[in-house]
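Text of data-v6.pdb (PDB, C-alpha atoms) as supplied:
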```
ATOM      1  CA  MET A  31     162.876  -1.265  71.894
ATOM      2  CA  ILE A  32     162.970  -1.138  68.073
ATOM      3  CA  ALA A  33     166.745  -0.703  68.013
ATOM      4  CA  ARG A  34     167.183  -3.589  70.455
ATOM      5  CA  LYS A  35     165.092  -5.904  68.269
ATOM      6  CA  SER A  36     167.063  -4.868  65.183
ATOM      7  CA  GLY A  37     170.375  -5.812  66.794
ATOM      8  CA  TYR A  38     171.855  -2.334  66.307
ATOM      9  CA  SER A  39     172.671   0.222  68.949
ATOM     10  CA  ARG A  40     170.002   2.856  69.478
ATOM     11  CA  TRP A  41     172.150   5.580  67.962
ATOM     12  CA  HIS A  42     173.177   3.517  64.928
ATOM     13  CA  PHE A  43     169.622   2.358  64.209
ATOM     14  CA  GLN A  44     168.312   5.920  64.303
ATOM     15  CA  ARG A  45     171.082   7.018  61.945
ATOM     16  CA  ILE A  46     170.286   4.212  59.471
ATOM     17  CA  PHE A  47     166.544   4.913  59.716
ATOM     18  CA  LYS A  48     167.005   8.610  58.946
ATOM     19  CA  HIS A  49     169.333   7.819  56.039
ATOM     20  CA  VAL A  50     166.839   5.381  54.484
ATOM     21  CA  THR A  51     163.587   7.268  55.134
ATOM     22  CA  GLY A  52     164.705  10.889  55.304
ATOM     23  CA  GLN A  53     162.966  11.394  58.631
ATOM     24  CA  SER A  54     163.812  10.690  62.223
ATOM     25  CA  LEU A  55     162.479   7.586  63.931
ATOM     26  CA  ALA A  56     160.736   9.751  66.536
ATOM     27  CA  LEU A  57     158.915  11.739  63.837
ATOM     28  CA  TYR A  58     157.913   8.536  62.046
ATOM     29  CA  ILE A  59     156.489   7.021  65.231
ATOM     30  CA  ARG A  60     154.653  10.232  66.121
ATOM     31  CA  ARG A  61     153.090  10.376  62.656
ATOM     32  CA  GLN A  62     152.009   6.753  62.862
ATOM     33  CA  ARG A  63     150.306   7.442  66.193
ATOM     34  CA  LEU A  64     148.605  10.545  64.753
ATOM     35  CA  TYR A  65     147.283   8.695  61.701
ATOM     36  CA  LYS A  66     145.947   5.895  63.896
ATOM     37  CA  ALA A  67     144.318   8.492  66.154
ATOM     38  CA  ALA A  68     142.767  10.190  63.098
ATOM     39  CA  TRP A  69     141.346   6.840  62.013
ATOM     40  CA  GLU A  70     139.915   6.376  65.485
ATOM     41  CA  LEU A  71     138.381   9.865  65.459
ATOM     42  CA  ARG A  72     136.706   8.932  62.209
ATOM     43  CA  HIS A  73     135.484   5.450  63.144
ATOM     44  CA  SER A  74     134.777   5.545  66.874
ATOM     45  CA  ARG A  75     132.842   7.554  69.398
ATOM     46  CA  PHE A  76     135.597   7.670  72.031
ATOM     47  CA  ASN A  77     136.249  11.142  73.322
ATOM     48  CA  ILE A  78     139.338  12.998  72.169
ATOM     49  CA  THR A  79     141.076  12.798  75.547
ATOM     50  CA  ASP A  80     140.761   9.004  75.626
ATOM     51  CA  ILE A  81     142.144   8.771  72.095
ATOM     52  CA  ALA A  82     145.033  11.087  73.014
ATOM     53  CA  TYR A  83     146.017   8.890  75.950
ATOM     54  CA  LYS A  84     145.503   5.677  73.984
ATOM     55  CA  TYR A  85     148.099   6.867  71.462
ATOM     56  CA  GLN A  86     150.546   7.883  74.195
ATOM     57  CA  PHE A  87     150.208  11.664  74.207
ATOM     58  CA  ASP A  88     150.848  13.253  77.592
ATOM     59  CA  SER A  89     147.728  15.414  77.485
ATOM     60  CA  GLN A  90     144.842  16.423  75.295
ATOM     61  CA  GLN A  91     146.674  19.705  74.639
ATOM     62  CA  SER A  92     149.844  18.030  73.353
ATOM     63  CA  PHE A  93     147.715  15.762  71.155
ATOM     64  CA  TRP A  94     145.759  18.766  69.866
ATOM     65  CA  ARG A  95     148.966  20.655  68.979
ATOM     66  CA  ALA A  96     150.581  17.659  67.246
ATOM     67  CA  PHE A  97     147.366  16.833  65.362
ATOM     68  CA  ARG A  98     146.950  20.400  64.190
ATOM     69  CA  LYS A  99     150.579  20.588  63.104
ATOM     70  CA  GLU A 100     150.269  17.362  61.080
ATOM     71  CA  PHE A 101     146.799  17.853  59.556
ATOM     72  CA  SER A 102     146.306  21.669  59.752
ATOM     73  CA  ILE A 103     143.029  21.112  61.604
ATOM     74  CA  THR A 104     142.112  20.344  65.207
ATOM     75  CA  PRO A 105     140.910  16.866  66.205
ATOM     76  CA  SER A 106     137.427  18.158  67.033
ATOM     77  CA  MET A 107     137.127  19.966  63.699
ATOM     78  CA  TYR A 108     138.361  16.839  61.915
ATOM     79  CA  ARG A 109     135.717  14.737  63.629
ATOM     80  CA  LYS A 110     132.947  17.243  62.811
ATOM     81  CA  ILE A 111     133.933  17.412  59.139
ATOM     82  CA  ILE A 112     134.134  13.630  58.849
ATOM     83  CA  ASN A 113     130.748  13.169  60.533
ATOM     84  CA  TYR A 114     129.194  15.892  58.364
ATOM     85  CA  ASN A 115     130.476  14.204  55.205
ATOM     86  CA  LYS A 116     129.133  10.820  56.359
ATOM     87  CA  ASN A 117     125.668  12.282  56.848
ATOM     88  CA  SER A 118     125.584  14.218  53.559
TER      89      SER A 118
END
```
Could you render the structure as structure tokens?
Amino acid sequence: MIARKSGYSRWHFQRIFKHVTGQSLALYIRRQRLYKAAWELRHSRFNITDIAYKYQFDSQQSFWRAFRKEFSITPSMYRKIINYNKNS
């Protein structure tokens, strides 16, 4: 969809994006979804599964793995630490 709106072919747009940013478009989009999910973990009371599906992860497990890979902490641990720091 992004490539179509840009007017470039999918392949060419991805090549330009990687050249300019140094990362693939897929990785960029995944990171954006993870950072939005982290914000939601911090500012909402929705359960982790609902947040995972909202940000287009196939399952809670795939969300958990991607979140841990990006932030070196699980979503539930992240939420506990954030809530602990709010209450301190």
Under the rule that only C-alpha atoms are counted, which of A:Ser106, A:Phe76, A:Trp41, A:Gln90 is the nearest residue to Ser54 of chain A?
A:Trp41
State, in Å with one decimal place, the distance from atom CA of Ile112 of chain A to atom CA of Ala82 of chain A.
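According to the coordinates, atom CA of Ile112 of chain A and atom CA of Ala82 of chain A are separated by 18.1 Å.
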Restricting the calculation to all atoms listed in the file: of A:Gln86, A:Arg45, A:Ser74, A:Ser36, which residue gets closest to Ile59 of chain A?
A:Gln86
Could you name the residues that touch His73 of chain A at 12 Å or less, counting all atoms listed in the file, but leaving out those on the same chain fewer than 3 positions away, as a list of chain:residue names?
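After dropping sequence-adjacent residues, the list is A:Lys66, A:Ala67, A:Ala68, A:Trp69, A:Glu70, A:Phe76, A:Asn77, A:Ile81, A:Tyr108, A:Arg109, A:Ile112, A:Asn113, A:Lys116.
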Minimum-distance residue to Tyr65 of chain A, chosen among A:Trp94, A:Tyr85, A:Tyr38, A:Phe47 (using only C-alpha atoms)
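For Tyr65 of chain A, the nearest of the given residues is A:Tyr85.
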